[in-house]
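> Before anything else, here's the structure in question.
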Amino acid sequence: MLHVTWKGLLAHKIRLATTAIAVLIGVAFMAGTLVLTATIGSTFDGLYADINAGTDVVVRGAQSVNAGFGDVRGPVPESVLATVQGVPGVRIAEGNVNGYAQYVGKDGKAVGNPNRGAPTLGFAWSDDQSLNPLRLATGTAPTKPDDVVVDKATADKEGFAVGDRVTILTQSGSEQFTVSGIARFGNVDSPLGATLAVFTTPTAQRVLGLPGQFSAVAAAADPGISQQELASRVQEVLPDGLEAVTGKDLTQEQQSQTRQIVGSFSTFLLVFAGVALFVGCFLIYNTFSIIVAQRSREMALLRAIGAARRQVLTSVLVEALITGFVASAVGVVVGMGVAVGLRSLLSAFGFGIPATGLTVEPSAVVVPILVGVLITVASAFFPARKASKVPPVAAMRSVQIDESSRSITRMILGALILGLGILQLFIGLVSRPDNALLIVGGGVVFTFLGVAALGPVIARPVARVIGWPIARLRHMPGVIARDNAMRNPKRTASTAAALMIGVGLVAFILIFWSSATDSIRGVVNKGFVGDFVVQSNAGFDGGLPPSVATQIGALPEVATVAETRNVVAAVNGNGAFMLAVNPQSFGSLADLQVKEGTLDALAENGTIAVYDQTAKDKGWVVGDTVPVTFPVSGPQQLKVVATFGEQNIGGTYLIGLPTAEANTAVQVDNSVYVKLAPGVSAEAGRKAIETVTDTYPNAQVQDKVEFADSIVGQVTSLLLFVIVLLLLAVVIALIGIANTLALSIFERTREIGLLRAVGMTRTQVRSAVRWESVIMALLGTALGLVIGLFFGWALIQALSDQGFDTFSVPIPLLVLVVLVAFGAGVLAAVFPARRASNLNVLDAISSE
Amino acid sequence: MTAPIAAPPAIAARAVDATKVYGKGDTEVRALDGVTVDFPAHAFTAIMGPSGSGKSTLMQCVAGLDTLTSGQVFIGDAELSSLSEKQLTLLRRDKIGFVFQAFNLVPTLTAEENITLPMDLAGRKPDKEWLDQVVRTVGLADRLHHRPSELSGGQQQRVAVARALASRPEIIFGDEPTGNLDSRAGAEILSFLRDAVKQMGQTVVMVTHDPTAASYADHVLFLADGKIVDRMDEPTADAVLDRIKQFGR
């Protein structure tokens with residue numbers, strides 16, 4: 001039987017090639033993701049290993065708070081350095097200082113954008129080679145207070161040379177420094193594209209906001225003393241609140257934290273590989289169904305001459321197995337290219353990953369191949385079973401292609417699957433259990449499967465409706481196109497279903513985007529009472545020295561300013577983001593809909609305001625105390641002084657600046673809200689504010705609309721990226737349409753020959769194929785749009801308590817989707833249509 | 001008063017020195033070897049000959065389905081080798097009707113749609129009265145909205161005949177039109193074709209290997225080895241059979 005399988009493979013290689021492409025694309029993307037993320041992971045591993053290579057013990061704050069983006073810890077007092085240096089076995093110990101420092105380029109613009117790209121870091125120079133991963137390429141180490149060493153990547157890019165005066169933005173403002181040297185990081189010009197500004201230790205402490213403190217103290221051991229031994233010796237002499245960890249442990253900790261982030265990135269990309277493979281399943285199912293139908297006579301012959309059912313089944317499955325394996329193996333190879341491509345894409349966004357070799361873990365090869373083979377065989381199973389059910393007597397009959405569409409079983413099964421999917425969606429979205437994402441994902445898959453199962457039942461009527469105008473406009477070719485699209489609803493439906501998935505997800509994203517942006521604009525319009533926002537583009541920690549707010553507040557054109565900062569703390573033991581606000585003015589610039597108490601009360605140190613719903617959930621009322629742990633100051637009791645109903649401006653927790661100053665180390669603002677004095681025009685106001693912000697190139701002045709746009713812009717670029725990844729699924733679906741058409745045309749050779757004989761022109765044949773393709777594409781699009789609308793609606797309903805108060809359907813964009821699908825249908829038909837129109841009439845009518 | 005001029009018998013189609021060669025060198029096969037023949041208008045001509053005699057090739061070349069290696073073919077005044085592929089298609093659509101042995105109908109179209117197919121492809125409205133007459137003649141009035149799969153073999157061939165007649169072509173070609181039918185259904189189809197010639201003034205050219213079928217024709221051409229070897233007017237089945245028997249010798 002294997003021999004028969006092999007011959008079958010060879011005979012159908014072109015038809016199987018499209019199946020292979022579908023598998024290949026999904027597998028390649030999957031392998032590419034695994035290889036890329038492994039590469040990033042091992043790059044980071046190497047990076048941390050390099051940084052900590054000479055460090056045997058690190059002393060740091062024992063208290064850590066994690067709000068999802070790595071541990072945040074408090075600083076170490078300067079005096080600890082001497083204590084550590086005094087421990088026997090410590091060869092050398094130095095204080096590390098690090099924080100935010102951003103270069104200003106010669107064009108006056110801030111270099112890099114830590115909001116979206118690699119970090120802009122400042123730290124202190126160490127002369128000890130084992131504690132300092134930097135090596136000078138030219139120049140000297142920083143010695144004077146205004147000296148700085150620049151990483152080579154930044155120096156090359158910005159044209160900085162030794163002796164140049166450069167401007168650097170730090171939390172203490174914008175200052176001029178002299179480049180004393182240019183350094184490389186290990187063997188790369190800059191680690192992961194970060195920009196580095198390295199100062200003398202006192203300067204670093206001053207400008208990075210840690211006067212009299214270190215971020216941590218690093219020590220190297222005398223020869224013969226283990227890291228473990230040294231760490232325990234150091235730990236003994238440390239004051240409370242500090243801990244000594246070995247360099248090895250630190251490295252592992254840092255590695256595992258980045259692995260987590262890389263892991264979520266990997267999962268994110270793998271979802272799209274999954275979508276591509278899911279769509280591929282339909283294509284495989286379809287191809288094998290059609291091949292089996294066309295070969296039913298051959299199957300019957302095999303059965304007639306004595307092949308057992310199981311042998312027929314096996315022969316088809318083995319065909320699938322070989323196809324799947326070959327495609328997956330090629331896919332893994334292509335995946336290496338995908339990884340390189342994705343890496344360049346990331347580089348283009350500023351994440352430079354050193355071009356070391358790719359890290360290919362065995363699992364990155366084995367898992368995608370296994371998945372690829374498995375889905376190919378699984379998708380081919382039902383067609384194979386059908387092949388095995390062909391009775392031997394069918395060898396004597398003429399080939400009957402199954403055109404059944406509505407079996408009761410199918411309808412019941414489809415409805416059940418669809419119901420299960422919708423149920424899961426609602427359970428996941430409404431009651432939000434811990435594994436909500438998984439449940440919702442399952443719901444999405446089942447919903448698609450359910451609709452796909454019901455597809456053959458709906459395909460005929462829907463194709464009739466879609467085909468009606470085409471039949472009217474294109475006359476006979478249109479009628480033939482419509483009838484052909486309707487003649488085998490199963491095939492039409494499963495072809496369309498593949499497109500439905502891609503279109504459904506794209507439509508969902510578009511609807512979500514539209515609703516989210518409308519909601520954001522609504523929140524900004526309602527909640528933001530001021531005229532301007534000055535934002536720092538220096539990332540989460542912010543980069544506006546408090547002097548910005550003071551100077552703007554002093555302008556005669558300005559009535560009120562309210563500065564805000566981001567703070568990470570643990571509330572009730574759970575890491576959380578807090579917004580620290582100016583208690584006097586914030587309430588007058590943002591309408592938070594205070595329910596109880598007043599925001600003014602935040603002026604007192606040790607107070608907090610909580611989002612109404614959260615307070616209710618946790619049973620807190622005004623006057624209660626809440627345990628909050630800050631990385632710097634440790635556990636505190638904060639008194640609830642207000643509850644508010646608007647969560648989308650300041651988040652769940654608000655504290656006053658006095659509380660923030662008392663409990664955090666770094667004092668920089670993230671945003672400054674501005675309200676102009678009465679009678680001052682927006683233009684005049686902006687001009688006045690810009691006289692202040694001109695000296696802070698990382699500050700952006702935005703009015704209400706620009707402010708909303710900047711938030712919307714972030715959402716847009718993320719969702720755009722998602723849509724680009726979803727196009728992968730759409731492309732596979734189009735290959736599916738082309739494949740189905742090509743197979744159908746093969747089947748209809750005689751019919752096309754007849755049509756040509758009685759006077760159908762080549763143009764008309766092409767037209768008929770093209771419109772059939774368009775009908776299938778539009779059918780898939782129509783189903784996709786309905787599902788996308790439903791998903792969008794469901795999600796917005798579920799998120800209504802998170803500020804998504806608008807369900808908005810972007811009609812023009814959805815119309816665009818339909819037009820694109822239309823064009824894609826035309827495109828998918830190009831090859832099959834040409835093939836059909838080039839059929840030799842005589843061969844076609846005399847075949848068989 | 002001028003003397004009545006005897007009109008020359010009108011010619012519906014003509015082949016002049018038609019030659020069709022397949023293959024080259026040793027494998028060369030001359031399917032048609034310099035055939036010159038006229039197909040008179042308003043007459044029923046049957047082409048007979050053993051397998052490989054070139055009878056189907058002759059029909060296909062005259063009907064514009066295939067092209068000659070050398071020589072000329074005329075449908076009316078049109079010389080086919082000078083026509084482009086598209087012009088040939090339009091010629092088949094507008095001036096020629098076809099009845100094939102099997103697979104005559106588009107399975108997705110109803111009987112009526114199949115009948116009007118060539119006109120629909122041309123974007124022309126069928127002549128309702130004529131269509132009704134054709135449908136009545138072939139006895140399909142109650143089957144018009146059925147699809148081919150719901151019709152018997154004989155009914156399907158009747159639909160094909162109706163299609164060939166409906167557009168009032170200059171000439172109808174039949175390629176073994178009764179080859180797949182039982183004798184009663186076959187006789188019906190042949191009667192329709194003969195009536196089309198006798199009563200409607202159609203021209204029919206039919207390839208067949210069945211002497212009984214040939215006996216419905218006005219003339220029979222006998223082909224062997226790519227050449228016309230004989231012709232017979234007013235044939236009877238027995239006479240045709242006798243003639244055919246000589247081929248074997």
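How things are named: the first chain in the structure tokens is A, the next is B, and so on; residues count from 1 in each chain; ligands count from 1 in the order shown.
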Near range 83-100 of chain B, within 8 Å and counting only C-alpha atoms, which residues show up once chain neighbours fewer than 5 positions away are dropped, as a short mmCIF file (atom, residue, chain, number, x, y, z; two decimals) with C-alpha atoms, in the first residue's frame?

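part.cif, freshly written:
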data_model
loop_
_atom_site.label_atom_id
_atom_site.label_comp_id
_atom_site.auth_asym_id
_atom_site.auth_seq_id
_atom_site.Cartn_x
_atom_site.Cartn_y
_atom_site.Cartn_z
CA ARG A 756 -16.06 26.77 -24.99
CA ALA A 757 -17.41 24.61 -27.80
CA VAL A 758 -20.85 26.22 -27.76
CA GLY A 759 -19.33 29.65 -27.83
CA MET A 760 -18.03 30.83 -24.48
CA THR A 761 -15.03 33.06 -25.13
CA ARG A 762 -11.82 32.81 -23.13
CA ALA B 63 -16.87 22.99 -36.89
CA GLY B 64 -14.01 25.24 -35.83
CA PRO B 118 -25.21 30.26 -26.63
CA MET B 119 -27.56 33.24 -26.87
CA LEU B 121 -23.28 34.00 -23.82
CA ALA B 122 -23.78 36.37 -26.71
CA GLN B 157 -29.86 14.69 -25.67
CA ALA B 160 -28.88 19.35 -26.53
CA VAL B 161 -30.79 19.21 -29.81
CA ARG B 163 -29.94 24.07 -27.77
CA ALA B 164 -28.50 23.45 -31.21
CA LEU B 165 -31.73 24.54 -32.85
CA SER B 167 -30.07 29.87 -31.93
CA ARG B 168 -30.94 29.09 -35.56
CA PRO B 169 -27.36 28.33 -36.53
CA GLU B 170 -26.21 28.01 -40.11
CA ILE B 171 -25.16 24.46 -39.46
CA ILE B 172 -25.50 21.86 -36.71
CA PHE B 173 -22.79 19.33 -36.03
CA GLY B 174 -23.53 16.10 -34.25
CA ASP B 175 -20.75 13.88 -32.91
CA GLU B 176 -22.30 10.43 -32.38
CA PRO B 177 -25.37 12.12 -30.88
#
> Just list as a ChimeraX atom specification whatever in range 55-297 of chain A DSSP marks as alpha helix (DSSP H).
/A:79-85,152-158,201-207,227-237,247-294,296-297
> Those residues you just picked out, can you put them in a file as a PDB file, in the first residue's frame with C-alpha atoms?

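Saved the output as again15.pdb:
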ATOM      1  CA  SER A  79      27.841  54.351  54.166  1.00  0.00           C
ATOM      2  CA  VAL A  80      27.274  50.709  53.325  1.00  0.00           C
ATOM      3  CA  LEU A  81      30.141  50.855  50.836  1.00  0.00           C
ATOM      4  CA  ALA A  82      32.696  51.298  53.606  1.00  0.00           C
ATOM      5  CA  THR A  83      31.055  48.498  55.592  1.00  0.00           C
ATOM      6  CA  VAL A  84      31.328  46.125  52.647  1.00  0.00           C
ATOM      7  CA  GLN A  85      34.896  47.202  51.897  1.00  0.00           C
ATOM      8  CA  LYS A 152      30.346  53.830  20.864  1.00  0.00           C
ATOM      9  CA  ALA A 153      27.022  53.190  19.122  1.00  0.00           C
ATOM     10  CA  THR A 154      25.608  56.539  20.219  1.00  0.00           C
ATOM     11  CA  ALA A 155      28.890  58.358  19.551  1.00  0.00           C
ATOM     12  CA  ASP A 156      28.995  56.973  16.008  1.00  0.00           C
ATOM     13  CA  LYS A 157      25.333  57.696  15.338  1.00  0.00           C
ATOM     14  CA  GLU A 158      25.297  61.214  16.748  1.00  0.00           C
ATOM     15  CA  THR A 201      30.311  58.555  40.842  1.00  0.00           C
ATOM     16  CA  PRO A 202      29.510  61.899  42.551  1.00  0.00           C
ATOM     17  CA  THR A 203      28.095  63.338  39.342  1.00  0.00           C
ATOM     18  CA  ALA A 204      26.056  60.208  38.744  1.00  0.00           C
ATOM     19  CA  GLN A 205      24.654  60.388  42.265  1.00  0.00           C
ATOM     20  CA  ARG A 206      23.734  64.029  41.779  1.00  0.00           C
ATOM     21  CA  VAL A 207      22.179  63.907  38.313  1.00  0.00           C
ATOM     22  CA  GLN A 227      30.655  33.902  46.095  1.00  0.00           C
ATOM     23  CA  GLN A 228      28.513  32.057  48.601  1.00  0.00           C
ATOM     24  CA  GLU A 229      31.020  32.527  51.369  1.00  0.00           C
ATOM     25  CA  LEU A 230      31.506  36.212  50.647  1.00  0.00           C
ATOM     26  CA  ALA A 231      27.770  36.849  50.423  1.00  0.00           C
ATOM     27  CA  SER A 232      27.132  35.364  53.838  1.00  0.00           C
ATOM     28  CA  ARG A 233      30.048  37.326  55.329  1.00  0.00           C
ATOM     29  CA  VAL A 234      28.683  40.565  53.872  1.00  0.00           C
ATOM     30  CA  GLN A 235      25.108  39.787  54.877  1.00  0.00           C
ATOM     31  CA  GLU A 236      26.194  39.575  58.522  1.00  0.00           C
ATOM     32  CA  VAL A 237      27.348  43.156  58.670  1.00  0.00           C
ATOM     33  CA  GLY A 247      26.718  37.480  41.350  1.00  0.00           C
ATOM     34  CA  LYS A 248      25.530  34.114  40.099  1.00  0.00           C
ATOM     35  CA  ASP A 249      22.135  34.439  41.771  1.00  0.00           C
ATOM     36  CA  LEU A 250      21.767  37.989  40.525  1.00  0.00           C
ATOM     37  CA  THR A 251      22.527  36.894  36.994  1.00  0.00           C
ATOM     38  CA  GLN A 252      20.012  34.096  37.212  1.00  0.00           C
ATOM     39  CA  GLU A 253      17.400  36.402  38.630  1.00  0.00           C
ATOM     40  CA  GLN A 254      17.890  38.979  35.898  1.00  0.00           C
ATOM     41  CA  GLN A 255      17.909  36.252  33.288  1.00  0.00           C
ATOM     42  CA  SER A 256      14.681  34.736  34.514  1.00  0.00           C
ATOM     43  CA  GLN A 257      13.008  38.149  34.620  1.00  0.00           C
ATOM     44  CA  THR A 258      13.874  38.903  31.016  1.00  0.00           C
ATOM     45  CA  ARG A 259      12.905  35.360  30.075  1.00  0.00           C
ATOM     46  CA  GLN A 260       9.455  36.136  31.407  1.00  0.00           C
ATOM     47  CA  ILE A 261       9.160  39.235  29.244  1.00  0.00           C
ATOM     48  CA  VAL A 262      10.623  37.444  26.240  1.00  0.00           C
ATOM     49  CA  GLY A 263       8.250  34.597  27.024  1.00  0.00           C
ATOM     50  CA  SER A 264       5.159  36.806  26.779  1.00  0.00           C
ATOM     51  CA  PHE A 265       6.511  38.296  23.572  1.00  0.00           C
ATOM     52  CA  SER A 266       6.977  34.763  22.284  1.00  0.00           C
ATOM     53  CA  THR A 267       3.449  33.768  23.283  1.00  0.00           C
ATOM     54  CA  PHE A 268       2.100  36.869  21.578  1.00  0.00           C
ATOM     55  CA  LEU A 269       3.796  35.941  18.293  1.00  0.00           C
ATOM     56  CA  LEU A 270       2.927  32.252  18.652  1.00  0.00           C
ATOM     57  CA  VAL A 271      -0.759  33.173  18.756  1.00  0.00           C
ATOM     58  CA  PHE A 272      -0.403  34.395  15.190  1.00  0.00           C
ATOM     59  CA  ALA A 273       1.459  31.284  14.151  1.00  0.00           C
ATOM     60  CA  GLY A 274      -1.459  29.406  15.692  1.00  0.00           C
ATOM     61  CA  VAL A 275      -3.987  31.425  13.705  1.00  0.00           C
ATOM     62  CA  ALA A 276      -2.037  30.721  10.519  1.00  0.00           C
ATOM     63  CA  LEU A 277      -1.970  27.005  11.271  1.00  0.00           C
ATOM     64  CA  PHE A 278      -5.667  27.008  12.162  1.00  0.00           C
ATOM     65  CA  VAL A 279      -6.483  28.558   8.808  1.00  0.00           C
ATOM     66  CA  GLY A 280      -4.079  26.089   7.212  1.00  0.00           C
ATOM     67  CA  CYS A 281      -6.177  23.246   8.660  1.00  0.00           C
ATOM     68  CA  PHE A 282      -9.108  24.307   6.515  1.00  0.00           C
ATOM     69  CA  LEU A 283      -6.936  24.378   3.436  1.00  0.00           C
ATOM     70  CA  ILE A 284      -5.558  20.919   4.134  1.00  0.00           C
ATOM     71  CA  TYR A 285      -9.004  19.534   4.871  1.00  0.00           C
ATOM     72  CA  ASN A 286     -10.278  21.016   1.662  1.00  0.00           C
ATOM     73  CA  THR A 287      -7.467  19.803  -0.536  1.00  0.00           C
ATOM     74  CA  PHE A 288      -7.675  16.280   0.777  1.00  0.00           C
ATOM     75  CA  SER A 289     -11.473  16.243   0.501  1.00  0.00           C
ATOM     76  CA  ILE A 290     -11.296  17.263  -3.121  1.00  0.00           C
ATOM     77  CA  ILE A 291      -8.466  14.909  -3.979  1.00  0.00           C
ATOM     78  CA  VAL A 292     -10.286  12.048  -2.314  1.00  0.00           C
ATOM     79  CA  ALA A 293     -13.499  12.882  -4.144  1.00  0.00           C
ATOM     80  CA  GLN A 294     -11.695  13.004  -7.443  1.00  0.00           C
ATOM     81  CA  SER A 296     -12.980   7.908  -5.375  1.00  0.00           C
ATOM     82  CA  ARG A 297     -12.894   5.656  -8.401  1.00  0.00           C
TER      83      ARG A 297
END
> Please give the complete set of residues from range 605-827 of chain A that DSSP, run on the backbone, assigns to strand (DSSP E or B), formatted as a count of residues only.
38
> Could you list, as a ChimeraX atom specification, the residues of chain A having an atom within 12 Å of chain B when counting only C-alpha atoms?
/A:400-401,403,471-488,748-765,767-768,837-838,840-848
> Keeping only C-alpha atoms, write the selected residues as a compact mmCIF listing (two decimals), in the first residue's frame.

# COMPACT_ATOMS: atom_id res chain seq x y z
CA GLN A 400 -20.42 11.05 -8.26
CA ILE A 401 -19.13 14.08 -6.49
CA GLU A 403 -22.86 17.67 -3.24
CA ALA A 471 -25.37 37.30 -12.28
CA ARG A 472 -27.36 40.39 -13.22
CA LEU A 473 -24.33 42.42 -14.18
CA ARG A 474 -22.13 39.79 -15.76
CA HIS A 475 -24.95 37.83 -17.43
CA MET A 476 -24.03 34.29 -18.39
CA PRO A 477 -20.51 34.18 -16.92
CA GLY A 478 -22.00 35.65 -13.75
CA VAL A 479 -24.75 33.03 -13.66
CA ILE A 480 -22.23 30.25 -14.19
CA ALA A 481 -19.97 31.73 -11.50
CA ARG A 482 -22.83 31.89 -9.03
CA ASP A 483 -24.08 28.39 -9.84
CA ASN A 484 -20.59 26.98 -9.54
CA ALA A 485 -20.11 28.65 -6.19
CA MET A 486 -23.39 27.09 -5.05
CA ARG A 487 -23.02 23.64 -6.57
CA ASN A 488 -20.80 22.22 -3.86
CA ARG A 748 -14.86 20.58 -14.62
CA THR A 749 -12.56 20.15 -17.57
CA ARG A 750 -15.28 18.64 -19.77
CA GLU A 751 -17.82 21.21 -18.73
CA ILE A 752 -15.51 24.06 -19.59
CA GLY A 753 -14.73 22.36 -22.88
CA LEU A 754 -18.43 22.16 -23.64
CA LEU A 755 -18.96 25.81 -22.76
CA ARG A 756 -16.06 26.77 -24.99
CA ALA A 757 -17.41 24.61 -27.80
CA VAL A 758 -20.85 26.22 -27.76
CA GLY A 759 -19.33 29.65 -27.83
CA MET A 760 -18.03 30.83 -24.48
CA THR A 761 -15.03 33.06 -25.13
CA ARG A 762 -11.82 32.81 -23.13
CA THR A 763 -12.61 36.17 -21.58
CA GLN A 764 -15.96 34.85 -20.46
CA VAL A 765 -14.38 31.72 -18.99
CA SER A 767 -14.72 36.08 -15.95
CA ALA A 768 -16.75 33.13 -14.66
CA SER A 837 -9.38 29.65 -20.31
CA ASN A 838 -6.35 27.98 -21.84
CA ASN A 840 -7.79 23.04 -25.23
CA VAL A 841 -11.42 22.70 -26.25
CA LEU A 842 -10.89 19.48 -28.11
CA ASP A 843 -8.90 17.84 -25.33
CA ALA A 844 -11.49 18.93 -22.83
CA ILE A 845 -14.51 17.54 -24.65
CA SER A 846 -12.82 14.33 -25.67
CA SER A 847 -11.18 13.60 -22.30
CA GLU A 848 -12.06 10.20 -20.95
> Quick one: everything within 12 Å of Asn739 in chain A, counting only C-alpha atoms, minus sequence neighbours fewer than 2 positions away in the same chain. Send it as an NGL selection string.
:A and (14-22 or 282-288 or 290-291 or 491-492 or 495-496 or 732-737 or 741-746 or 773 or 828-833)
> Got a sec: who's within 6 Å of Lys227 in chain B, counting only C-alpha atoms, leaving out chain neighbours fewer than 2 positions off, as number ranges by chain?
B: 33, 35, 223-225, 229
> Using only C-alpha atoms, can you tell me which of B:Met232, B:Ile47, B:Ile244, B:Ala187 comes closest to Gly154 in chain B?
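Once distances to Gly154 in chain B are computed over only C-alpha atoms, the minimum belongs to B:Ala187.
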> Which is closer to Val111 in chain A than all the others in A:Gly193, A:Val692, A:Thr806, A:Ile25, using only C-alpha atoms?
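Closest candidate: A:Gly193.
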> I'd like the contact shell of Ala493 in chain A - 8 Å cut-off, only C-alpha atoms, skipping same-chain residues fewer than 4 positions apart - returned as a PDB file with N, CA and C atoms, in the first residue's frame.

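New file result_11.pdb:
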ATOM      1  N   ALA A 452     -18.003  27.301  10.791  1.00  0.00           N
ATOM      2  CA  ALA A 452     -17.478  26.541   9.653  1.00  0.00           C
ATOM      3  C   ALA A 452     -18.294  25.273   9.438  1.00  0.00           C
ATOM      4  N   GLY A 455     -21.332  26.081   7.907  1.00  0.00           N
ATOM      5  CA  GLY A 455     -21.047  26.734   6.622  1.00  0.00           C
ATOM      6  C   GLY A 455     -21.816  26.180   5.447  1.00  0.00           C
ATOM      7  N   PRO A 456     -21.749  24.854   5.208  1.00  0.00           N
ATOM      8  CA  PRO A 456     -22.418  24.311   4.025  1.00  0.00           C
ATOM      9  C   PRO A 456     -23.909  24.627   3.998  1.00  0.00           C
ATOM     10  N   ALA A 459     -23.952  28.396   3.121  1.00  0.00           N
ATOM     11  CA  ALA A 459     -23.215  28.820   1.928  1.00  0.00           C
ATOM     12  C   ALA A 459     -24.133  29.043   0.732  1.00  0.00           C
ATOM     13  N   PRO A 489     -21.693  23.209  -1.834  1.00  0.00           N
ATOM     14  CA  PRO A 489     -21.661  24.135  -0.694  1.00  0.00           C
ATOM     15  C   PRO A 489     -20.603  23.757   0.333  1.00  0.00           C
ATOM     16  N   ALA A 497     -14.489  29.535   4.791  1.00  0.00           N
ATOM     17  CA  ALA A 497     -14.273  29.557   6.240  1.00  0.00           C
ATOM     18  C   ALA A 497     -12.847  29.964   6.582  1.00  0.00           C
ATOM     19  N   MET A 776     -16.791  33.434  -3.421  1.00  0.00           N
ATOM     20  CA  MET A 776     -16.255  32.704  -2.262  1.00  0.00           C
ATOM     21  C   MET A 776     -15.582  33.664  -1.284  1.00  0.00           C
ATOM     22  N   GLY A 780     -16.756  34.397   2.578  1.00  0.00           N
ATOM     23  CA  GLY A 780     -15.884  34.324   3.754  1.00  0.00           C
ATOM     24  C   GLY A 780     -15.849  35.652   4.483  1.00  0.00           C
TER      25      GLY A 780
END
> Pick from A:Thr625, A:Ser808, A:Val534, A:Trp771: nearest to Glu690 in chain A, with only C-alpha atoms counted?
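Closest to Glu690 in chain A, using only C-alpha atoms: A:Val534.
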> Contacts of Ser515 in chain A at 8 Å or less, counting only C-alpha atoms, minus same-chain residues fewer than 3 places along, as a list in words?
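Contacts, in chain order: Ile511, Phe512, Asp518, Ser519, Ile796, Phe804, Thr806, Phe807, Ser808 and Val809 of chain A.
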> Please report the interatomic distance between CA of Leu499 in chain A and CA of Val462 in chain A in Å with one decimal.
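So the answer is 15.2 Å.
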> From the options A:Glu319, A:Asp240, A:Glu78, A:Asp617, which residue's atoms come nearest to Val217 in chain A, counting only C-alpha atoms?
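Among the listed residues, A:Glu78 lies closest to Val217 in chain A.
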> Could you name the residues that touch Thr36 in chain B at 7 Å or less, counting only C-alpha atoms, but leaving out those on the same chain fewer than 5 positions away, as a PyMOL selection string?
chain B and resi 15-18
